[in-house]
Each structure stands twice: as C-alpha cells, then as structure tokens.
Amino acid sequence: MSFILDYYNYWVVVFLMMAGFYIVISANNLVKKIVGLNIFQTSVFMLYISMGKVSGGTAPIAVEGVTQYSNPLPHVLILTAIVVGVATTAVGLALIVRIKRAYGTVEENEFDNKDDVI
Amino acid sequence: MAEFIDLVLLAMLALTALRIIFLKDLFAVVMLFGIYSFLSALIFLNLDAVDVAFTEASVGAGISTVLMLVTLAMTGRKEKQSTHSTLLPLFVVLVTGAALIYGTLDMPPFGHPDNPVHQHVAPRYIEESPKEVGLPNMVTSVLASYRGFDTLGETVVVFSAVIGVLSLLGVRRKKRKDLESGLESHRVLHVVAKIIIPLVILFALYVQFHGDFGPGGGFQAGVIAAAAFILYALVLGLPKAFAVVGPRFLQWMAAVGVLLYASVGLYSMYRGGHFLDYNQLAADPIAGQHYGIIIIELGVGITVFAVMLNIFYAFGSQAERSNVQ
C-alpha cells in the first residue's frame, strides 16, 4: 500500500499527460486540441508541485514555530508558467480564429484542397 | 487525511480528463476544462502550493475558459467525426505512457524530506530568505528577488503574447452605437455585476499589495483585476468598456509595466550595483529589497492586467464583428 502511495501522484500525472497527448494527436477540432495541450501542461505543473511537497511540511510562508516547509522553488516556476501558459493559449486561439476566417473551418480533415482558395 | 484528499482529487481529475477525450460537444469540453482547472487548484492547495492554487483558479478556471468560449462563439460548438482511425494515436500514447510509468519507478518516493529536490537551493531559500529579503512569503522572495531575471523574462513573454494576438486579430472600435451589445437588458445581472465589480477590484488591490505577506502578488492581482473589467464588458457591452479603459490605453499600460520592471534594474545599476540588485535602492538593504519588490510586483501587475484585458478585447470585438456579418 505504501508503495502505491509513494508513486500515486506521479502515475496520475502520467495518465493526465497521456490523456492530453491523446487529445492533441487524435482530435479533429483545433479548439479541442488546445484543450488537450492545456491538460498536458497542467499535468506537468502537477508533476513539479508534487515533487516540491514535503510530507508534514506546510505552505512556504514563514510562521513562528514551524520548521518544515514545502519547497518554494517549484511554486515560483509554476506560478509564472501558468500565466505564460494562458498568454500562449490566447495566441493559439487567435490563430484558430484566423484559420476559421481563411478556410471556413477548424476541422483538421476539412483543410484538404482548400489551400488554393486563398 | 491530506493523503486521502489527494487520492480522491487526483482520481476526480483523471475522470474529468477521460470524459473530455470522448465528448464531441465543445461547449461541454470547455466547461469540463474549467472544472479540471478548479480541481487542479484544489490539489495545488493540498500540496502546500497556495500561490500556485491562487493563480490556477483565477487563470485556468477564469480567463482561459472565457477565451475558449469566445473562440467557440466564432468557430462552432460541435466537433465533427474524425475520419482517421484512433488506433495509431492510442498505440503511441500507451507506449509512451508505459515508458513514463517505468521511469517513475526510479523516482524518489513522493513527499520524502530527503529527496534530491529539497537538498540544493531550497534550504537556503527557506532558511535565509526571511532574513535576507525580510518577507514572510518565500515564494514572493524567490520570484521577485532571487529569480528576478526569470520573472522579467516571463513578463516580457506575456507582453509579446499580446503583441501576437493584436497583430493576428486587432481591436476594432465600433462606430455604430445602435448595435445591441452585452447583456444590458438583464436587469438582475446588471445590478449584481455593479455590486461585485468594485469588490473584485478592491480584492485585486489587496492581493497586489499583500502578496509579500500572504499568497498573492502581481500575477494574480493583474488577472483578478482584468476579470473585473471582463465582467463589466460582458454585462454592459464592449463599447462601454472601451469608454472606461480603451484598448489604446491598455497597449500603453502593458509596455509601461515591463518598462517599470526593467527601470528598477537599470536604476540599481546606476546606484552602483548589479542589474535588479535591490540592496542598492536604499541605505538599508532590507528596505531596498522591500522597495524593489513592491515596484517590480506593481510592474508585473500592470502588464498582466493590461495584457489579459487587451486579449479579451481582441477576441470580444472579433466575435461581435462576426455576429454582425
């Protein structure tokens, strides 16, 4: 049981990564691909935060009488990565809007033979 | 108890992801993705990452859901049936997943205090930063002081993202006043929004200036303030929101935030230190650190606010234009 508890977080992270990866490579719709990419991204965040956790530790805000804190470094990296992530997602969505306007569709299998339209 | 909560929340997260794979209705997909973000914020909270949970809740569940919904308004809400087979992607995913699971077995057990990640720089941040920087929140100390270069770079990335979005979509100011915009006829929404918006802005200011002592800081505050204005734009319509904070002004603000951040670095060089060496800003190094962190967090907050709101303006005005046509 303790073996499962030791690795449970990492296994769920791998599952989520693969779920996101599967959506990215199998989905037809570009918006859904972006959702898949975001799921992948969040699972990477989860991996980092899981590694920063110390059992019995507390949030890294100094308080009297507490000696055991979780690692603040992954928190900093992931905090900024989340904001950068939404900014890049916005660029991706903007590209999709332009694709819709140029091709009239955002379904991957309908792009064929539409290059000569523009 | 914390382990049990972790088990349940992660299982719920996995189920949400599984459901997203099979749904064809993209509106439901986006809503589930909002739930996914909230669940991951809860997990971050459970794993002691309070600042990260704060950011994920406001960014993942708030702004990105809104942006995806606006995109759906322009691209349609149904995913069409795929023509190619799903066997090859499934195979690739299973093989990669198996390799990664095999890799995790070599990782040190979850949560152990002797793990390699906790040995290198983390003890120094935990033990020295309350004395060296003088702030209780170590995440803010590391973000704004020890890794100030990183944060400057990330602020610049956020700034360049808005340049990308604006060059792809652009913000059109509408000339015609007669067009029905927003949900103004919904009296209840109107009244509730007017009560909520000032409180949200007050909260954003609290998060901005209390980030040194509790969870929060410029990134979160910028997103929360932008959310207040997005609510205003959704209820009263884009033209009225443009009258309050125009897109032109926001473009300036986004640049001003980055410049404010960089100018702190240049000023500390002028005072004889290194770039972003806040110790030079005042006679007392701790006071210098305080001034430096407050100013650069303000720069981050201004840029993030302006970028998020401007991105929403770009998408929103695009959606309204496609509705008119």
# chains A, B, ... in the order shown; residues from 1 in each chain; ligands from 1
>>> residues_around(residues="segment 135-142 of chain B", least_positions_apart="3", cutoff="8 Å", atoms="only C-alpha atoms", output="NGL selection string")
(:A and (60-63 or 72-73 or 75-76)) or (:B and (51 or 125-126 or 129-131 or 145-148 or 211-215 or 217))
>>> closest_atom_pairs(of="chain A", to="chain B", cutoff="7 Å", atoms="only C-alpha atoms", output="tab-separated table")
residue	atom	partner	partner_atom	distance
A:Asp6	CA	B:Pro109	CA	4.8
A:Tyr7	CA	B:Phe110	CA	6.2
A:Tyr10	CA	B:Thr104	CA	6.7
A:Trp11	CA	B:Ile101	CA	6.4
A:Val12	CA	B:Leu10	CA	6.7
A:Val14	CA	B:Gly97	CA	6.4
A:Leu16	CA	B:Ala14	CA	6.3
A:Met18	CA	B:Val93	CA	5.8
A:Ala19	CA	B:Ala17	CA	6.5
A:Tyr22	CA	B:Val93	CA	6.2
A:Ile23	CA	B:Ile21	CA	6.1
A:Ile25	CA	B:Pro89	CA	6.3
A:Ser26	CA	B:Pro89	CA	6.1
A:Asn28	CA	B:Ser82	CA	5.7
A:Asn29	CA	B:Glu79	CA	5.7
A:Ile49	CA	B:Phe44	CA	6.9
A:Ser50	CA	B:Leu47	CA	6.8
A:Met51	CA	B:Phe110	CA	6.7
A:Lys53	CA	B:Gly111	CA	5.2
A:Val54	CA	B:Gly111	CA	4.4
A:Ser55	CA	B:Gly111	CA	4.8
A:Thr58	CA	B:Asp48	CA	5.8
A:Ala59	CA	B:Asp48	CA	4.4
A:Pro60	CA	B:Met138	CA	5.8
A:Ile61	CA	B:Asn137	CA	4.3
A:Ala62	CA	B:Pro136	CA	4.7
A:Ser70	CA	B:Asp48	CA	6.6
A:Asn71	CA	B:Ala122	CA	5.9
A:Pro72	CA	B:Val139	CA	5.5
A:Leu73	CA	B:Ala122	CA	6.6
A:His75	CA	B:Ala49	CA	6.0
A:Val76	CA	B:Leu143	CA	5.7
A:Ile78	CA	B:Val52	CA	6.8
A:Leu79	CA	B:Val52	CA	5.0
A:Thr80	CA	B:Glu154	CA	6.9
A:Ile82	CA	B:Glu56	CA	6.7
A:Val83	CA	B:Val59	CA	6.9
A:Val84	CA	B:Val158	CA	5.7
A:Val86	CA	B:Ser64	CA	6.2
A:Ala87	CA	B:Ala161	CA	5.6
A:Thr88	CA	B:Ala161	CA	6.2
A:Ala90	CA	B:Val165	CA	7.0
A:Val91	CA	B:Val165	CA	5.3
A:Leu93	CA	B:Thr71	CA	6.7
A:Ala94	CA	B:Val165	CA	5.9
A:Leu95	CA	B:Leu168	CA	6.9
A:Val97	CA	B:Thr71	CA	6.7
A:Lys100	CA	B:Thr75	CA	6.5
A:Val106	CA	B:Thr75	CA	6.8
>>> select_by_dssp(residues="chain A", states="alpha helix (DSSP H)", output="MDAnalysis selection string")
chainID A and resid 2:26 30:52 72:103
>>> select_by_dssp(residues="chain A", states="strand (DSSP E or B)", output="MDAnalysis selection string")
chainID A and resid 29 58 61 69 107
>>> atom_distance(atom1="atom CA of Phe38 of chain B", atom2="atom CA of Leu37 of chain A")
17.0 Å
>>> residues_around(residues="Val244 of chain B", least_positions_apart="4", cutoff="12 Å", atoms="only C-alpha atoms", output="PDB file with N, CA, C and O atoms, in the first residue's frame")
ATOM      1  N   PHE B 229     -12.945  43.739 -15.082  1.00  0.00           N
ATOM      2  CA  PHE B 229     -13.285  44.518 -16.273  1.00  0.00           C
ATOM      3  C   PHE B 229     -13.924  43.649 -17.350  1.00  0.00           C
ATOM      4  O   PHE B 229     -14.769  44.115 -18.114  1.00  0.00           O
ATOM      5  N   ILE B 230     -13.517  42.362 -17.393  1.00  0.00           N
ATOM      6  CA  ILE B 230     -14.143  41.454 -18.363  1.00  0.00           C
ATOM      7  C   ILE B 230     -15.611  41.278 -18.015  1.00  0.00           C
ATOM      8  O   ILE B 230     -16.483  41.292 -18.897  1.00  0.00           O
ATOM      9  N   TYR B 232     -17.462  43.445 -16.504  1.00  0.00           N
ATOM     10  CA  TYR B 232     -18.095  44.707 -16.906  1.00  0.00           C
ATOM     11  C   TYR B 232     -18.397  44.700 -18.405  1.00  0.00           C
ATOM     12  O   TYR B 232     -19.511  45.035 -18.835  1.00  0.00           O
ATOM     13  N   ALA B 233     -17.406  44.261 -19.200  1.00  0.00           N
ATOM     14  CA  ALA B 233     -17.587  44.248 -20.658  1.00  0.00           C
ATOM     15  C   ALA B 233     -18.663  43.249 -21.063  1.00  0.00           C
ATOM     16  O   ALA B 233     -19.439  43.496 -21.986  1.00  0.00           O
ATOM     17  N   LEU B 236     -22.182  44.954 -19.767  1.00  0.00           N
ATOM     18  CA  LEU B 236     -22.597  46.239 -20.340  1.00  0.00           C
ATOM     19  C   LEU B 236     -22.194  46.404 -21.800  1.00  0.00           C
ATOM     20  O   LEU B 236     -22.547  47.402 -22.420  1.00  0.00           O
ATOM     21  N   GLY B 237     -21.436  45.474 -22.338  1.00  0.00           N
ATOM     22  CA  GLY B 237     -21.060  45.575 -23.745  1.00  0.00           C
ATOM     23  C   GLY B 237     -19.694  46.203 -23.928  1.00  0.00           C
ATOM     24  O   GLY B 237     -19.240  47.002 -23.105  1.00  0.00           O
ATOM     25  N   LEU B 238     -19.032  45.813 -25.034  1.00  0.00           N
ATOM     26  CA  LEU B 238     -17.663  46.289 -25.278  1.00  0.00           C
ATOM     27  C   LEU B 238     -17.559  47.813 -25.430  1.00  0.00           C
ATOM     28  O   LEU B 238     -16.635  48.405 -24.888  1.00  0.00           O
ATOM     29  N   PRO B 239     -18.499  48.470 -26.157  1.00  0.00           N
ATOM     30  CA  PRO B 239     -18.318  49.922 -26.332  1.00  0.00           C
ATOM     31  C   PRO B 239     -18.221  50.670 -25.009  1.00  0.00           C
ATOM     32  O   PRO B 239     -17.395  51.572 -24.851  1.00  0.00           O
ATOM     33  N   LYS B 240     -19.034  50.251 -24.018  1.00  0.00           N
ATOM     34  CA  LYS B 240     -18.985  50.937 -22.721  1.00  0.00           C
ATOM     35  C   LYS B 240     -17.681  50.628 -21.995  1.00  0.00           C
ATOM     36  O   LYS B 240     -17.137  51.484 -21.305  1.00  0.00           O
ATOM     37  N   ARG B 248      -6.321  51.334 -26.695  1.00  0.00           N
ATOM     38  CA  ARG B 248      -5.092  52.115 -26.898  1.00  0.00           C
ATOM     39  C   ARG B 248      -4.330  52.289 -25.586  1.00  0.00           C
ATOM     40  O   ARG B 248      -3.134  52.041 -25.476  1.00  0.00           O
ATOM     41  N   PHE B 249      -5.089  52.730 -24.561  1.00  0.00           N
ATOM     42  CA  PHE B 249      -4.517  52.973 -23.249  1.00  0.00           C
ATOM     43  C   PHE B 249      -3.905  51.685 -22.685  1.00  0.00           C
ATOM     44  O   PHE B 249      -2.823  51.709 -22.102  1.00  0.00           O
ATOM     45  N   LEU B 250      -4.602  50.539 -22.901  1.00  0.00           N
ATOM     46  CA  LEU B 250      -4.105  49.263 -22.379  1.00  0.00           C
ATOM     47  C   LEU B 250      -2.794  48.876 -23.046  1.00  0.00           C
ATOM     48  O   LEU B 250      -1.905  48.320 -22.403  1.00  0.00           O
TER      49      LEU B 250
END
>>> atom_distance(atom1="atom CA of Phe242 of chain B", atom2="atom CA of Tyr313 of chain B")
8.6 Å
>>> decode(residues="chain A", atoms="C-alpha atoms", output="PDB file, in the first residue's frame")
ATOM      1  CA  MET A   1       0.000   0.000   0.000  1.00  0.00           C
ATOM      2  CA  SER A   2       2.785   2.411   0.877  1.00  0.00           C
ATOM      3  CA  PHE A   3       4.410   1.596  -2.475  1.00  0.00           C
ATOM      4  CA  ILE A   4       1.238   2.800  -4.230  1.00  0.00           C
ATOM      5  CA  LEU A   5       1.013   5.928  -2.068  1.00  0.00           C
ATOM      6  CA  ASP A   6       4.663   6.752  -2.835  1.00  0.00           C
ATOM      7  CA  TYR A   7       4.070   6.832  -6.560  1.00  0.00           C
ATOM      8  CA  TYR A   8       0.327   7.520  -6.915  1.00  0.00           C
ATOM      9  CA  ASN A   9       0.795  11.213  -7.708  1.00  0.00           C
ATOM     10  CA  TYR A  10       3.345  10.505 -10.437  1.00  0.00           C
ATOM     11  CA  TRP A  11       1.177   7.820 -12.025  1.00  0.00           C
ATOM     12  CA  VAL A  12      -1.867  10.072 -12.167  1.00  0.00           C
ATOM     13  CA  VAL A  13       0.348  12.774 -13.678  1.00  0.00           C
ATOM     14  CA  VAL A  14       1.480  10.316 -16.364  1.00  0.00           C
ATOM     15  CA  PHE A  15      -2.153   9.369 -17.034  1.00  0.00           C
ATOM     16  CA  LEU A  16      -3.148  13.027 -17.405  1.00  0.00           C
ATOM     17  CA  MET A  17      -0.165  13.718 -19.663  1.00  0.00           C
ATOM     18  CA  MET A  18      -1.148  10.847 -21.899  1.00  0.00           C
ATOM     19  CA  ALA A  19      -4.806  11.960 -21.904  1.00  0.00           C
ATOM     20  CA  GLY A  20      -3.731  15.416 -23.062  1.00  0.00           C
ATOM     21  CA  PHE A  21      -1.310  13.939 -25.598  1.00  0.00           C
ATOM     22  CA  TYR A  22      -4.036  11.643 -26.964  1.00  0.00           C
ATOM     23  CA  ILE A  23      -6.431  14.571 -27.421  1.00  0.00           C
ATOM     24  CA  VAL A  24      -3.744  16.592 -29.218  1.00  0.00           C
ATOM     25  CA  ILE A  25      -2.921  13.848 -31.728  1.00  0.00           C
ATOM     26  CA  SER A  26      -6.376  12.354 -32.247  1.00  0.00           C
ATOM     27  CA  ALA A  27      -8.837  15.277 -32.004  1.00  0.00           C
ATOM     28  CA  ASN A  28     -10.213  16.703 -35.184  1.00  0.00           C
ATOM     29  CA  ASN A  29     -11.151  20.120 -33.939  1.00  0.00           C
ATOM     30  CA  LEU A  30      -8.411  22.687 -33.315  1.00  0.00           C
ATOM     31  CA  VAL A  31     -10.076  24.148 -30.188  1.00  0.00           C
ATOM     32  CA  LYS A  32     -10.175  20.669 -28.666  1.00  0.00           C
ATOM     33  CA  LYS A  33      -6.501  20.243 -29.495  1.00  0.00           C
ATOM     34  CA  ILE A  34      -5.799  23.405 -27.478  1.00  0.00           C
ATOM     35  CA  VAL A  35      -7.782  21.951 -24.552  1.00  0.00           C
ATOM     36  CA  GLY A  36      -5.649  18.800 -24.830  1.00  0.00           C
ATOM     37  CA  LEU A  37      -2.470  20.861 -24.835  1.00  0.00           C
ATOM     38  CA  ASN A  38      -3.670  22.644 -21.692  1.00  0.00           C
ATOM     39  CA  ILE A  39      -4.393  19.332 -19.953  1.00  0.00           C
ATOM     40  CA  PHE A  40      -0.867  18.218 -20.800  1.00  0.00           C
ATOM     41  CA  GLN A  41       0.502  21.492 -19.481  1.00  0.00           C
ATOM     42  CA  THR A  42      -1.429  21.267 -16.199  1.00  0.00           C
ATOM     43  CA  SER A  43      -0.161  17.719 -15.674  1.00  0.00           C
ATOM     44  CA  VAL A  44       3.424  18.970 -15.966  1.00  0.00           C
ATOM     45  CA  PHE A  45       2.593  21.626 -13.370  1.00  0.00           C
ATOM     46  CA  MET A  46       1.210  18.882 -11.137  1.00  0.00           C
ATOM     47  CA  LEU A  47       4.444  16.900 -11.503  1.00  0.00           C
ATOM     48  CA  TYR A  48       6.548  19.844 -10.364  1.00  0.00           C
ATOM     49  CA  ILE A  49       4.294  20.715  -7.441  1.00  0.00           C
ATOM     50  CA  SER A  50       4.169  17.050  -6.352  1.00  0.00           C
ATOM     51  CA  MET A  51       7.951  16.959  -6.271  1.00  0.00           C
ATOM     52  CA  GLY A  52       8.056  20.109  -4.142  1.00  0.00           C
ATOM     53  CA  LYS A  53       5.763  18.666  -1.471  1.00  0.00           C
ATOM     54  CA  VAL A  54       7.348  17.641   1.836  1.00  0.00           C
ATOM     55  CA  SER A  55       5.246  15.311   3.996  1.00  0.00           C
ATOM     56  CA  GLY A  56       4.394  17.093   7.211  1.00  0.00           C
ATOM     57  CA  GLY A  57       5.509  20.404   5.745  1.00  0.00           C
ATOM     58  CA  THR A  58       3.399  23.497   5.332  1.00  0.00           C
ATOM     59  CA  ALA A  59       2.988  26.280   2.776  1.00  0.00           C
ATOM     60  CA  PRO A  60       6.242  28.274   2.395  1.00  0.00           C
ATOM     61  CA  ILE A  61       5.139  31.346   4.311  1.00  0.00           C
ATOM     62  CA  ALA A  62       7.282  31.901   7.388  1.00  0.00           C
ATOM     63  CA  VAL A  63       5.385  31.466  10.659  1.00  0.00           C
ATOM     64  CA  GLU A  64       6.657  31.279  14.223  1.00  0.00           C
ATOM     65  CA  GLY A  65       7.173  27.750  15.446  1.00  0.00           C
ATOM     66  CA  VAL A  66       7.181  25.995  12.051  1.00  0.00           C
ATOM     67  CA  THR A  67      10.385  24.463  10.751  1.00  0.00           C
ATOM     68  CA  GLN A  68       9.234  22.151   7.957  1.00  0.00           C
ATOM     69  CA  TYR A  69       8.193  23.954   4.761  1.00  0.00           C
ATOM     70  CA  SER A  70       7.457  22.640   1.281  1.00  0.00           C
ATOM     71  CA  ASN A  71       9.951  23.586  -1.425  1.00  0.00           C
ATOM     72  CA  PRO A  72       9.156  27.133  -2.670  1.00  0.00           C
ATOM     73  CA  LEU A  73      11.165  26.868  -5.901  1.00  0.00           C
ATOM     74  CA  PRO A  74       8.712  24.736  -7.953  1.00  0.00           C
ATOM     75  CA  HIS A  75       5.908  27.031  -6.792  1.00  0.00           C
ATOM     76  CA  VAL A  76       7.664  30.060  -8.274  1.00  0.00           C
ATOM     77  CA  LEU A  77       8.420  28.318 -11.570  1.00  0.00           C
ATOM     78  CA  ILE A  78       4.868  27.020 -11.985  1.00  0.00           C
ATOM     79  CA  LEU A  79       3.147  30.222 -10.871  1.00  0.00           C
ATOM     80  CA  THR A  80       4.740  32.184 -13.690  1.00  0.00           C
ATOM     81  CA  ALA A  81       4.354  29.259 -16.114  1.00  0.00           C
ATOM     82  CA  ILE A  82       0.568  29.320 -15.613  1.00  0.00           C
ATOM     83  CA  VAL A  83       0.316  32.985 -16.619  1.00  0.00           C
ATOM     84  CA  VAL A  84       2.676  32.491 -19.563  1.00  0.00           C
ATOM     85  CA  GLY A  85       0.598  29.420 -20.490  1.00  0.00           C
ATOM     86  CA  VAL A  86      -2.644  31.367 -20.759  1.00  0.00           C
ATOM     87  CA  ALA A  87      -0.878  34.042 -22.815  1.00  0.00           C
ATOM     88  CA  THR A  88       0.381  31.465 -25.319  1.00  0.00           C
ATOM     89  CA  THR A  89      -3.026  29.738 -25.323  1.00  0.00           C
ATOM     90  CA  ALA A  90      -4.522  33.087 -26.328  1.00  0.00           C
ATOM     91  CA  VAL A  91      -2.108  33.305 -29.267  1.00  0.00           C
ATOM     92  CA  GLY A  92      -3.122  29.770 -30.300  1.00  0.00           C
ATOM     93  CA  LEU A  93      -6.820  30.634 -30.112  1.00  0.00           C
ATOM     94  CA  ALA A  94      -6.210  33.809 -32.117  1.00  0.00           C
ATOM     95  CA  LEU A  95      -4.557  31.689 -34.822  1.00  0.00           C
ATOM     96  CA  ILE A  96      -7.621  29.396 -34.816  1.00  0.00           C
ATOM     97  CA  VAL A  97      -9.929  32.371 -35.304  1.00  0.00           C
ATOM     98  CA  ARG A  98      -7.851  33.460 -38.299  1.00  0.00           C
ATOM     99  CA  ILE A  99      -7.852  29.912 -39.697  1.00  0.00           C
ATOM    100  CA  LYS A 100     -11.640  29.852 -39.415  1.00  0.00           C
ATOM    101  CA  ARG A 101     -11.863  33.095 -41.341  1.00  0.00           C
ATOM    102  CA  ALA A 102      -9.441  31.968 -44.059  1.00  0.00           C
ATOM    103  CA  TYR A 103     -10.592  28.358 -44.531  1.00  0.00           C
ATOM    104  CA  GLY A 104     -14.150  28.476 -43.186  1.00  0.00           C
ATOM    105  CA  THR A 105     -13.494  25.502 -40.923  1.00  0.00           C
ATOM    106  CA  VAL A 106     -11.471  24.459 -37.891  1.00  0.00           C
ATOM    107  CA  GLU A 107     -11.788  20.716 -38.512  1.00  0.00           C
ATOM    108  CA  GLU A 108      -8.476  19.183 -39.453  1.00  0.00           C
ATOM    109  CA  ASN A 109      -9.861  16.770 -42.070  1.00  0.00           C
ATOM    110  CA  GLU A 110     -11.593  19.570 -43.985  1.00  0.00           C
ATOM    111  CA  PHE A 111      -8.458  21.544 -44.780  1.00  0.00           C
ATOM    112  CA  ASP A 112      -7.577  19.323 -47.749  1.00  0.00           C
ATOM    113  CA  ASN A 113      -7.666  21.037 -51.131  1.00  0.00           C
ATOM    114  CA  LYS A 114      -8.525  24.370 -49.578  1.00  0.00           C
ATOM    115  CA  ASP A 115      -5.082  25.894 -49.950  1.00  0.00           C
ATOM    116  CA  ASP A 116      -5.872  27.160 -53.456  1.00  0.00           C
ATOM    117  CA  VAL A 117      -8.940  29.025 -52.154  1.00  0.00           C
ATOM    118  CA  ILE A 118      -6.856  31.761 -50.565  1.00  0.00           C
TER     119      ILE A 118
END
